[in-house]
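File shown: input-v3.cif (mmCIF, C-alpha atoms).
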```cif
data_upload
loop_
_atom_site.label_atom_id
_atom_site.label_comp_id
_atom_site.auth_asym_id
_atom_site.auth_seq_id
_atom_site.Cartn_x
_atom_site.Cartn_y
_atom_site.Cartn_z
CA MET A 1 17.08 7.46 107.28
CA THR A 2 16.68 4.30 105.25
CA ILE A 3 18.94 3.34 102.35
CA ALA A 4 16.08 3.96 99.88
CA SER A 5 15.48 7.53 101.04
CA ALA A 6 19.24 8.22 101.03
CA LEU A 7 19.34 7.04 97.40
CA GLU A 8 16.36 9.25 96.60
CA MET A 9 18.06 12.29 98.13
CA ALA A 10 21.21 11.55 96.11
CA LEU A 11 19.09 11.19 92.96
CA VAL A 12 17.36 14.52 93.56
CA ALA A 13 20.72 16.20 94.20
CA VAL A 14 22.13 14.81 90.94
CA VAL A 15 19.04 15.86 88.95
CA LEU A 16 19.20 19.39 90.37
CA GLY A 17 22.96 19.55 89.78
CA VAL A 18 22.60 18.49 86.14
CA ALA A 19 19.75 21.00 85.67
CA VAL A 20 21.84 23.88 87.02
CA TRP A 21 24.82 22.74 84.94
CA THR A 22 22.65 22.65 81.81
CA ILE A 23 21.56 26.26 82.37
CA ALA A 24 25.06 27.46 83.28
CA ALA A 25 26.86 25.70 80.39
CA ARG A 26 28.39 28.21 77.98
CA GLU A 27 28.47 26.06 74.84
CA THR A 28 25.24 25.00 73.16
CA PHE A 29 26.51 21.46 72.60
CA ALA A 30 27.49 21.03 76.25
CA ALA A 31 24.09 22.36 77.36
CA VAL A 32 22.34 19.82 75.09
CA GLU A 33 24.43 17.02 76.57
CA GLY A 34 23.41 18.18 80.04
CA PHE A 35 19.77 18.22 78.96
CA VAL A 36 19.98 14.64 77.63
CA ALA A 37 21.53 13.46 80.91
CA TYR A 38 18.78 15.33 82.77
CA GLY A 39 16.14 13.65 80.57
CA LEU A 40 17.61 10.22 81.36
CA LEU A 41 17.78 10.86 85.13
CA LEU A 42 14.24 12.18 85.41
CA PRO A 43 12.64 8.78 84.52
CA LEU A 44 14.39 7.32 87.60
CA VAL A 45 12.60 9.95 89.71
CA TRP A 46 9.27 9.02 88.10
CA VAL A 47 9.91 5.31 88.74
CA ARG A 48 10.59 6.11 92.41
CA LEU A 49 7.21 7.91 92.44
CA ASP A 50 5.57 4.75 91.00
CA ALA A 51 4.66 6.62 87.81
CA VAL A 52 6.12 4.08 85.38
CA ASP A 53 3.99 5.36 82.45
CA VAL A 54 5.36 8.86 82.89
CA ALA A 55 8.89 7.46 83.27
CA LEU A 56 8.61 5.59 79.96
CA THR A 57 7.34 8.70 78.17
CA GLU A 58 9.95 10.94 79.79
CA GLY A 59 12.75 8.53 78.83
CA ALA A 60 11.55 8.20 75.24
CA ILE A 61 10.62 11.84 74.65
CA GLY A 62 12.65 13.87 77.17
CA GLY A 63 15.88 11.89 77.00
CA GLY A 64 15.76 10.39 73.52
CA LEU A 65 13.69 12.37 71.09
CA SER A 66 14.17 15.93 72.38
CA GLY A 67 17.85 15.13 72.78
CA VAL A 68 18.19 14.17 69.11
CA LEU A 69 16.21 17.26 68.03
CA LEU A 70 18.39 19.56 70.16
CA LEU A 71 21.62 17.87 69.01
CA GLY A 72 20.56 18.54 65.41
CA ALA A 73 19.79 22.17 66.27
CA ALA A 74 23.15 22.56 68.08
CA ALA A 75 24.99 21.15 65.06
CA ARG A 76 23.25 23.69 62.82
CA LEU A 77 24.06 26.57 65.16
CA ARG A 78 27.72 25.65 65.44
CA PRO A 79 29.06 27.84 62.58
CA THR A 80 27.40 30.95 64.03
CA GLU A 81 27.96 30.18 67.70
CA THR A 82 30.98 32.41 68.34
CA LEU A 83 29.23 35.25 66.49
CA ALA A 84 26.09 34.85 68.58
CA ALA A 85 28.07 34.60 71.83
CA ALA A 86 29.77 37.91 71.01
CA GLU A 87 26.40 39.66 70.91
CA ARG A 88 25.93 39.62 74.67
CA PRO A 89 22.63 41.20 75.65
CA GLY A 90 22.76 44.25 77.92
CA GLU A 91 22.79 44.10 81.71
CA ILE A 92 19.17 45.25 82.07
CA LEU A 93 17.86 42.62 79.63
CA ARG A 94 19.78 39.84 81.39
CA LEU A 95 18.59 41.03 84.79
CA ALA A 96 14.99 41.16 83.54
CA ALA A 97 15.30 37.62 82.14
CA ALA A 98 16.72 36.37 85.46
CA VAL A 99 13.88 38.03 87.42
CA LEU A 100 11.26 36.57 85.07
CA SER A 101 12.72 33.05 85.34
CA ALA A 102 13.01 33.29 89.13
CA THR A 103 9.39 34.51 89.38
CA VAL A 104 8.07 31.62 87.28
CA ALA A 105 10.11 29.12 89.32
CA ALA A 106 8.89 30.66 92.60
CA ALA A 107 5.25 30.61 91.41
CA LEU A 108 5.55 26.93 90.43
CA ALA A 109 7.22 26.07 93.73
CA ALA A 110 4.51 27.94 95.66
CA GLY A 111 1.84 26.10 93.68
CA VAL A 112 3.30 22.73 94.70
CA LEU A 113 4.25 23.61 98.29
CA PHE A 114 0.93 25.24 99.21
CA LEU A 115 -1.26 22.44 97.84
CA PRO A 116 -3.99 21.58 100.38
CA ASP A 117 -3.37 18.32 102.22
CA PRO A 118 -4.73 15.94 100.97
CA ALA A 119 -4.25 17.38 97.49
CA PRO A 120 -7.37 17.48 95.29
CA THR A 121 -7.47 14.32 93.19
CA LEU A 122 -9.74 12.51 90.76
CA ALA A 123 -7.81 9.25 91.16
CA PRO A 124 -10.52 7.50 93.26
CA ALA A 125 -13.17 8.44 90.67
CA ALA A 126 -10.95 7.17 87.85
CA ALA A 127 -10.26 3.93 89.74
CA ALA A 128 -13.95 3.43 90.57
CA ASN A 129 -14.99 3.68 86.90
CA ALA A 130 -12.08 1.63 85.54
CA ALA A 131 -14.38 -1.29 84.68
CA ALA A 132 -16.29 0.82 82.14
CA THR A 133 -13.57 0.50 79.50
CA GLY A 134 -12.28 -3.03 80.01
CA LEU A 135 -8.68 -1.76 80.25
CA GLY A 136 -6.48 -2.65 83.20
CA ASN A 137 -4.08 0.30 83.10
CA PRO A 138 -5.61 3.33 84.87
CA VAL A 139 -3.31 5.73 82.99
CA THR A 140 -4.54 4.43 79.62
CA ASN A 141 -8.09 4.72 80.97
CA VAL A 142 -7.59 8.40 81.72
CA LEU A 143 -5.75 9.12 78.47
CA MET A 144 -8.08 7.25 76.15
CA ALA A 145 -11.48 7.53 77.86
CA PHE A 146 -11.87 9.98 80.74
CA ARG A 147 -9.69 12.71 79.23
CA ALA A 148 -9.74 11.53 75.61
CA MET A 149 -10.26 15.09 74.35
CA ASP A 150 -6.83 16.14 75.67
CA THR A 151 -5.13 13.18 74.00
CA MET A 152 -6.86 13.93 70.71
CA LEU A 153 -5.81 17.58 70.75
CA GLU A 154 -2.27 16.52 71.70
CA LYS A 155 -2.08 14.59 68.41
CA VAL A 156 -3.26 17.69 66.54
CA VAL A 157 -0.52 19.72 68.24
CA LEU A 158 2.05 17.15 67.11
CA LEU A 159 0.82 17.57 63.54
CA LEU A 160 1.06 21.36 63.85
CA ALA A 161 4.66 21.02 65.04
CA LEU A 162 5.48 19.03 61.89
CA VAL A 163 3.75 21.64 59.70
CA GLY A 164 5.84 24.27 61.52
CA ALA A 165 9.07 22.41 60.74
CA TRP A 166 8.05 21.91 57.11
CA SER A 167 7.15 25.57 56.70
CA LEU A 168 10.89 26.37 56.94
CA ALA A 169 11.33 24.87 53.45
CA PRO A 170 12.11 27.25 50.59
CA ASP A 171 9.32 27.40 47.98
CA HIS A 172 11.13 25.45 45.25
CA LEU A 173 11.89 22.53 47.61
CA TRP A 174 8.29 22.15 48.84
CA GLY A 175 7.29 18.53 48.48
CA GLY A 176 10.93 17.39 48.50
CA HIS A 177 12.91 15.04 50.75
CA PRO A 178 13.44 16.26 54.34
CA GLY A 179 16.96 16.74 55.70
CA PRO A 180 20.27 15.69 54.18
CA ARG A 181 20.71 12.27 52.55
CA HIS A 182 22.67 10.31 55.12
CA GLN A 183 25.70 8.45 53.86
CA ALA A 184 27.35 5.66 55.82
CA ASP A 185 29.67 2.79 54.97
CA PRO A 186 27.22 0.06 53.84
CA ARG A 187 29.54 -2.54 55.40
CA GLY A 188 30.20 -0.47 58.53
CA VAL A 189 29.00 -0.87 62.10
CA LEU A 190 26.15 1.66 61.82
CA ALA A 191 24.64 -0.14 58.81
CA PHE A 192 25.10 -3.43 60.68
CA LEU A 193 23.20 -2.09 63.69
CA ALA A 194 20.52 -0.63 61.41
CA ARG A 195 19.97 -4.11 59.94
CA LEU A 196 20.14 -6.03 63.21
CA LEU A 197 18.19 -3.81 65.62
CA PRO A 198 14.96 -2.80 63.81
CA PRO A 199 13.36 -6.28 63.83
CA VAL A 200 13.86 -6.36 67.61
CA GLY A 201 12.89 -2.70 68.03
CA ILE A 202 9.70 -3.04 65.99
CA VAL A 203 8.59 -6.00 68.10
CA VAL A 204 9.40 -4.06 71.29
CA GLY A 205 7.58 -0.96 70.00
CA ILE A 206 4.42 -2.90 69.15
CA TYR A 207 4.68 -4.78 72.46
CA VAL A 208 4.93 -1.53 74.45
CA PHE A 209 1.87 -0.19 72.62
CA TRP A 210 -0.10 -3.43 73.10
CA VAL A 211 0.78 -3.95 76.75
CA GLY A 212 -0.37 -0.36 77.48
CA ALA A 213 -3.94 -1.66 77.84
CA ASP A 214 -3.15 -3.40 81.12
CA HIS A 215 0.39 -2.37 82.13
CA PRO A 216 2.62 0.70 81.76
CA GLY A 217 3.09 1.49 78.09
CA GLY A 218 0.96 2.88 75.33
CA ALA A 219 0.73 4.45 71.90
CA PHE A 220 3.13 7.33 72.54
CA GLN A 221 5.94 5.23 74.00
CA GLY A 222 5.52 2.48 71.39
CA GLY A 223 5.28 5.00 68.56
CA THR A 224 8.48 6.69 69.72
CA ILE A 225 10.38 3.38 69.65
CA LEU A 226 9.09 2.69 66.13
CA ALA A 227 10.13 6.20 65.04
CA ALA A 228 13.61 5.61 66.51
CA MET A 229 13.97 2.41 64.45
CA TRP A 230 12.94 4.26 61.29
CA LEU A 231 15.45 7.03 62.08
CA LEU A 232 18.24 4.50 62.63
CA VAL A 233 17.64 2.98 59.19
CA MET A 234 17.58 6.48 57.63
CA MET A 235 20.75 7.60 59.44
CA ALA A 236 22.61 4.49 58.32
CA GLY A 237 21.78 5.48 54.73
CA LEU A 238 19.87 2.24 54.10
CA THR A 239 16.76 4.17 53.10
CA ASP A 240 15.87 7.76 52.31
CA ALA A 241 13.27 9.89 54.05
CA PRO A 242 10.19 9.97 51.80
CA PRO A 243 9.43 13.26 50.03
CA ILE A 244 6.87 15.16 52.07
CA GLY A 245 4.52 15.27 49.08
CA HIS A 246 4.38 11.46 48.98
CA ARG A 247 0.88 10.12 48.36
CA TRP A 248 0.56 7.70 51.32
CA LEU A 249 2.42 9.90 53.76
CA ARG A 250 -0.32 12.46 54.39
CA PRO A 251 -3.04 9.85 55.20
CA MET A 252 -0.66 8.23 57.71
CA LEU A 253 0.05 11.59 59.32
CA ILE A 254 -3.62 12.35 59.92
CA ALA A 255 -4.80 8.77 60.59
CA GLY A 256 -4.64 9.15 64.40
CA PRO A 257 -6.60 12.42 64.75
CA VAL A 258 -9.08 11.43 62.01
CA VAL A 259 -9.96 8.05 63.57
CA PHE A 260 -10.21 9.81 66.95
CA VAL A 261 -12.62 12.45 65.59
CA VAL A 262 -14.70 9.86 63.69
CA VAL A 263 -15.09 7.69 66.80
CA GLY A 264 -15.85 10.85 68.80
CA LEU A 265 -18.59 11.90 66.37
CA GLY A 266 -19.92 8.34 66.48
CA GLY A 267 -20.24 8.78 70.23
CA LEU A 268 -22.37 11.86 69.55
CA VAL A 269 -24.70 9.79 67.35
CA VAL A 270 -24.86 6.51 69.27
CA GLY A 271 -23.99 7.55 72.81
CA ASP A 272 -24.51 10.59 74.96
CA ALA A 273 -21.64 12.89 74.06
CA PHE A 274 -18.64 13.54 71.83
CA LEU A 275 -16.09 10.77 72.47
CA ALA A 276 -18.55 8.72 74.56
CA TYR A 277 -17.81 5.07 73.78
CA PRO A 278 -20.67 2.54 73.94
CA VAL A 279 -19.69 0.36 76.90
CA ALA A 280 -19.88 -2.92 74.98
CA TYR A 281 -17.44 -1.68 72.31
CA ALA A 282 -15.24 0.54 74.48
CA LYS A 283 -12.13 -1.64 74.37
CA PRO A 284 -12.15 -2.42 70.60
CA LEU A 285 -12.83 1.25 69.82
CA ILE A 286 -9.98 2.42 72.07
CA LEU A 287 -7.65 -0.14 70.48
CA THR A 288 -8.63 1.04 66.98
CA ILE A 289 -7.84 4.62 67.93
CA GLU A 290 -4.55 3.56 69.51
CA VAL A 291 -3.43 1.58 66.45
CA ALA A 292 -4.03 4.63 64.23
CA MET A 293 -2.36 6.88 66.81
CA THR A 294 0.74 4.68 67.11
CA LEU A 295 1.18 4.80 63.33
CA THR A 296 0.68 8.58 63.23
CA ILE A 297 3.03 9.19 66.17
CA ALA A 298 5.77 7.02 64.65
CA VAL A 299 5.57 8.71 61.23
CA THR A 300 5.20 12.24 62.66
CA LEU A 301 8.11 11.91 65.08
CA GLY A 302 10.32 10.32 62.41
CA LEU A 303 9.61 13.15 59.98
CA LEU A 304 10.01 15.77 62.71
CA MET A 305 13.52 14.42 63.32
CA ALA A 306 14.27 14.33 59.59
CA GLY A 307 13.54 18.07 59.44
CA ALA A 308 12.44 20.53 56.78
CA PRO A 309 12.62 19.60 53.09
CA GLU A 310 16.13 20.32 51.79
CA ARG A 311 16.27 18.37 48.51
CA SER A 312 13.83 18.37 45.61
CA ALA A 313 11.74 15.24 45.07
CA GLU A 314 13.17 14.51 41.59
CA ARG A 315 16.73 13.75 42.64
CA MET B 316 18.11 -22.28 99.22
CA ASN B 317 16.77 -18.75 99.60
CA LEU B 318 19.85 -17.72 101.55
CA ALA B 319 22.10 -19.10 98.80
CA LEU B 320 20.17 -17.16 96.13
CA ASP B 321 20.36 -13.97 98.21
CA ILE B 322 24.11 -14.41 98.54
CA VAL B 323 24.37 -14.83 94.75
CA THR B 324 22.31 -11.65 94.25
CA ILE B 325 24.30 -9.56 96.71
CA THR B 326 27.66 -10.80 95.41
CA ALA B 327 26.85 -10.33 91.73
CA VAL B 328 25.16 -6.92 92.07
CA SER B 329 28.01 -5.65 94.29
CA ALA B 330 30.55 -6.86 91.75
CA GLY B 331 28.53 -5.16 88.99
CA ALA B 332 28.42 -1.93 90.96
CA PHE B 333 32.21 -2.18 91.40
CA PHE B 334 32.66 -2.39 87.63
CA PHE B 335 30.43 0.67 87.16
CA LEU B 336 32.50 2.52 89.74
CA ALA B 337 35.75 1.45 88.09
CA GLY B 338 34.39 2.42 84.68
CA THR B 339 33.39 5.86 85.94
CA VAL B 340 36.78 6.43 87.56
CA GLY B 341 38.40 5.38 84.28
CA LEU B 342 36.18 7.77 82.33
CA LEU B 343 37.27 10.63 84.56
CA ARG B 344 40.95 9.73 84.91
CA PHE B 345 42.09 8.18 81.61
CA PRO B 346 44.00 10.47 79.27
CA ASP B 347 42.32 10.07 75.84
CA ALA B 348 39.10 9.06 74.08
CA LEU B 349 40.10 5.47 73.24
CA THR B 350 41.17 4.53 76.77
CA ARG B 351 38.07 6.19 78.19
CA LEU B 352 35.91 4.08 75.87
CA HIS B 353 37.83 1.03 77.06
CA ALA B 354 36.91 1.89 80.65
CA LEU B 355 33.26 2.56 79.80
CA SER B 356 32.74 -0.70 77.93
CA LYS B 357 33.72 -2.62 81.07
CA ALA B 358 30.92 -0.90 82.97
CA ASP B 359 28.41 -1.69 80.21
CA ASN B 360 29.41 -5.26 79.46
CA LEU B 361 30.57 -6.72 82.76
CA GLY B 362 28.90 -4.30 85.18
CA LEU B 363 25.41 -4.57 83.72
CA GLY B 364 25.92 -8.28 83.02
CA LEU B 365 26.71 -8.94 86.69
CA VAL B 366 23.79 -6.78 87.86
CA VAL B 367 21.43 -8.72 85.55
CA LEU B 368 22.91 -12.01 86.76
CA GLY B 369 22.30 -10.93 90.34
CA LEU B 370 18.71 -9.89 89.61
CA LEU B 371 17.81 -13.15 87.82
CA PRO B 372 16.93 -15.03 91.06
CA LEU B 373 14.52 -12.16 91.89
CA ALA B 374 12.90 -12.11 88.44
CA GLY B 375 10.05 -14.31 89.63
CA SER B 376 9.25 -15.92 86.29
CA LEU B 377 11.10 -17.31 83.30
CA ARG B 378 9.67 -14.52 81.12
CA GLY B 379 10.89 -11.84 83.51
CA GLY B 380 14.35 -13.39 83.54
CA LEU B 381 14.47 -13.61 79.75
CA LYS B 382 13.49 -9.93 79.51
CA LEU B 383 16.38 -9.01 81.82
CA VAL B 384 18.83 -11.02 79.71
CA CYS B 385 17.42 -9.39 76.55
CA ILE B 386 18.02 -5.92 78.06
CA TRP B 387 21.63 -6.86 78.73
CA LEU B 388 22.10 -8.20 75.18
CA LEU B 389 20.58 -5.03 73.67
CA VAL B 390 22.83 -2.82 75.78
CA LEU B 391 25.83 -4.95 74.70
CA LEU B 392 24.88 -4.45 71.05
CA ALA B 393 24.27 -0.70 71.41
CA GLY B 394 27.38 -0.19 73.56
CA ALA B 395 29.68 -2.05 71.19
CA THR B 396 28.34 -0.19 68.15
CA VAL B 397 28.46 3.26 69.71
CA SER B 398 32.00 2.62 71.05
CA GLN B 399 33.11 1.74 67.52
CA LEU B 400 31.49 4.87 66.08
CA ILE B 401 32.99 7.18 68.73
CA ALA B 402 36.42 5.56 68.38
CA ARG B 403 36.31 6.03 64.60
CA ALA B 404 35.22 9.66 64.98
CA ALA B 405 38.04 10.26 67.49
CA ARG B 406 40.65 8.70 65.16
CA HIS B 407 39.20 10.59 62.19
CA ASP B 408 39.67 13.88 64.04
CA GLY B 409 43.31 12.89 64.48
CA GLN B 410 43.43 14.17 68.02
CA SER B 411 42.68 12.77 71.43
CA PRO B 412 41.34 15.50 73.71
#
```
Now that the file is in, can you turn its structure into structure tokens?
Amino acid sequence: MTIASALEMALVAVVLGVAVWTIAARETFAAVEGFVAYGLLLPLVWVRLDAVDVALTEGAIGGGLSGVLLLGAAARLRPTETLAAAERPGEILRLAAAVLSATVAAALAAGVLFLPDPAPTLAPAAAANAAATGLGNPVTNVLMAFRAMDTMLEKVVLLLALVGAWSLAPDHLWGGHPGPRHQADPRGVLAFLARLLPPVGIVVGIYVFWVGADHPGGAFQGGTILAAMWLLVMMAGLTDAPPIGHRWLRPMLIAGPVVFVVVGLGGLVVGDAFLAYPVAYAKPLILTIEVAMTLTIAVTLGLLMAGAPERSAER
Amino acid sequence: MNLALDIVTITAVSAGAFFFLAGTVGLLRFPDALTRLHALSKADNLGLGLVVLGLLPLAGSLRGGLKLVCIWLLVLLAGATVSQLIARAARHDGQSP
């Protein structure tokens, strides 16, 4: 056994251990901490599998963004936690839940273990047609050209998630500011970090988006970094989350899907099919879509973190 | 020349790994929040710094090396800030669990 495979085995053991611990943890807060650790370990597994694009997304979304969302949810649940823990479901219900979870896990495991060898793959076809788009990163090729429909619908799902969060607002606060107004010492360390880090973070975010054409990276990872910078400035109290009825907010939220659909319809007119890019303009068109998508992802994720409207717009 | 660089890499990365180990032991063994933070910051600052120093000869290009140094500086900034915030929260709670 080489050192590398020993390290991989240790990594897998730690990931599985953290996963089991996350499920077994009694307190919500402890479970969320376990989940964040799990989300930060998983990218290492993806890097070992040479899937750096997936690792970047997993680190940004699984470790960072979902972690912040779940931490916020855990903080909200804290006052009612002992009450909820007292209402233990009955034996039969718990047994049924355990059986259901075990069945799903077994089905997934069977699906992976009984894959034919070699597993069915479209990777050679994707690699053979890579020149059609002028992009060097095969993952971006698949996301933006060969399976562009999935990516477009993914952005629509993101928008629906935000609408779902907003729909928790009471009627009289509709159109108001999301979440609480964060207060922090304007001369404190958090405000200092919120002034120092965003210039660096914005450059890194745009770089990660831009480099996605030829290397691991892309709109989602870059957009998440930009959203994190925005959140940092909001949490330090340096700026307020805009009211959800703000005039320029809605166009930014739909920019990504709209540009995607417009380019797709253009493909119907000029080319052969919906989302078919003319070969000569493939790269500029994909870049245009990605710019709009990065903006939409950053604004959507930032607002998703900020939460449902809790304060009226006037104040 | 290559041998010398390899020795630098092995020495620095091993020393960095030692600081991570020491920091983790401190995190598990020290009695309260402030001393645990003290142990952790050694892993972040010195441990990662030594690992980055050891990896610099392998970076291949000046740009790659600069990126590594930037990662270390960003972790320093984040680590120092978060340590301050946690320490303040721990003191504010008035207890050291």
Give me, please, the distance in Å between CA of Ile297 in chain A and CA of Gly223 in chain A, quoted to one decimal.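 Straight-line distance from CA of Ile297 in chain A to CA of Gly223 in chain A works out to 5.3 Å.
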Quick one: apply the PyMOL selection byres ((chain A) within 8 of (chain B)) to the file and drop the selected residues here as a ChimeraX atom specification. /A:189-190,193
Running the PyMOL selection byres ((chain A and resi 153-169) around 8) on this model by hand, what would come out? Give it as a VMD selection string. chain A and resid 149 to 152 170 to 171 173 to 174 253 to 254 256 to 257 293 297 300 303 to 304 307 to 310
Please evaluate the PyMOL selection byres ((chain A and resi 17-23) around 8) against the displayed coordinates and give the resulting residues as a PyMOL selection string. chain A and resi 13-16+24-25+30-35+37-38
List the spatial neighbours of Ser329 in chain B as a PDB file with C-alpha atoms, in the coordinates of the input - criterion: any atom at most 12 Å away, all atoms listed in the file, same-chain residues fewer than 6 positions off excluded.
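The resulting file, selection-v6.pdb, is reproduced below:
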```
ATOM      1  CA  ASP B 321      20.360 -13.970  98.210  1.00  0.00           C
ATOM      2  CA  ILE B 322      24.110 -14.410  98.540  1.00  0.00           C
ATOM      3  CA  VAL B 323      24.370 -14.830  94.750  1.00  0.00           C
ATOM      4  CA  PHE B 335      30.430   0.670  87.160  1.00  0.00           C
ATOM      5  CA  LEU B 336      32.500   2.520  89.740  1.00  0.00           C
ATOM      6  CA  LEU B 361      30.570  -6.720  82.760  1.00  0.00           C
ATOM      7  CA  GLY B 362      28.900  -4.300  85.180  1.00  0.00           C
ATOM      8  CA  LEU B 363      25.410  -4.570  83.720  1.00  0.00           C
ATOM      9  CA  GLY B 364      25.920  -8.280  83.020  1.00  0.00           C
ATOM     10  CA  LEU B 365      26.710  -8.940  86.690  1.00  0.00           C
ATOM     11  CA  VAL B 366      23.790  -6.780  87.860  1.00  0.00           C
ATOM     12  CA  VAL B 367      21.430  -8.720  85.550  1.00  0.00           C
ATOM     13  CA  LEU B 368      22.910 -12.010  86.760  1.00  0.00           C
ATOM     14  CA  GLY B 369      22.300 -10.930  90.340  1.00  0.00           C
ATOM     15  CA  LEU B 370      18.710  -9.890  89.610  1.00  0.00           C
TER      16      LEU B 370
END
```
How would range 323-339 of chain B look with N, CA and C atoms restored, written as a tab-separated table (two decimals), in the frame of the given file?
```tsv
chain	number	residue	atom	x	y	z
B	323	VAL	N	24.04	-15.02	96.17
B	323	VAL	CA	24.37	-14.83	94.75
B	323	VAL	C	24.00	-13.42	94.30
B	324	THR	N	22.77	-12.99	94.65
B	324	THR	CA	22.31	-11.65	94.25
B	324	THR	C	23.22	-10.56	94.78
B	325	ILE	N	23.50	-10.63	96.10
B	325	ILE	CA	24.30	-9.56	96.71
B	325	ILE	C	25.70	-9.54	96.11
B	326	THR	N	26.30	-10.74	95.95
B	326	THR	CA	27.66	-10.80	95.41
B	326	THR	C	27.71	-10.24	93.99
B	327	ALA	N	26.79	-10.72	93.14
B	327	ALA	CA	26.85	-10.33	91.73
B	327	ALA	C	26.54	-8.85	91.55
B	328	VAL	N	25.51	-8.34	92.24
B	328	VAL	CA	25.16	-6.92	92.07
B	328	VAL	C	26.28	-6.04	92.61
B	329	SER	N	26.89	-6.45	93.75
B	329	SER	CA	28.01	-5.65	94.29
B	329	SER	C	29.17	-5.64	93.30
B	330	ALA	N	29.46	-6.81	92.72
B	330	ALA	CA	30.55	-6.86	91.75
B	330	ALA	C	30.23	-5.98	90.54
B	331	GLY	N	28.95	-6.02	90.11
B	331	GLY	CA	28.53	-5.16	88.99
B	331	GLY	C	28.70	-3.69	89.33
B	332	ALA	N	28.28	-3.32	90.54
B	332	ALA	CA	28.42	-1.93	90.96
B	332	ALA	C	29.89	-1.52	90.99
B	333	PHE	N	30.77	-2.48	91.39
B	333	PHE	CA	32.21	-2.18	91.40
B	333	PHE	C	32.70	-1.86	89.99
B	334	PHE	N	32.21	-2.65	89.00
B	334	PHE	CA	32.66	-2.39	87.63
B	334	PHE	C	32.16	-1.03	87.14
B	335	PHE	N	30.92	-0.66	87.53
B	335	PHE	CA	30.43	0.67	87.16
B	335	PHE	C	31.29	1.76	87.78
B	336	LEU	N	31.67	1.54	89.06
B	336	LEU	CA	32.50	2.52	89.74
B	336	LEU	C	33.86	2.64	89.04
B	337	ALA	N	34.44	1.46	88.75
B	337	ALA	CA	35.75	1.45	88.09
B	337	ALA	C	35.65	2.12	86.72
B	338	GLY	N	34.57	1.83	85.99
B	338	GLY	CA	34.39	2.42	84.68
B	338	GLY	C	34.28	3.94	84.76
B	339	THR	N	33.55	4.41	85.78
B	339	THR	CA	33.39	5.86	85.94
B	339	THR	C	34.71	6.52	86.29
```
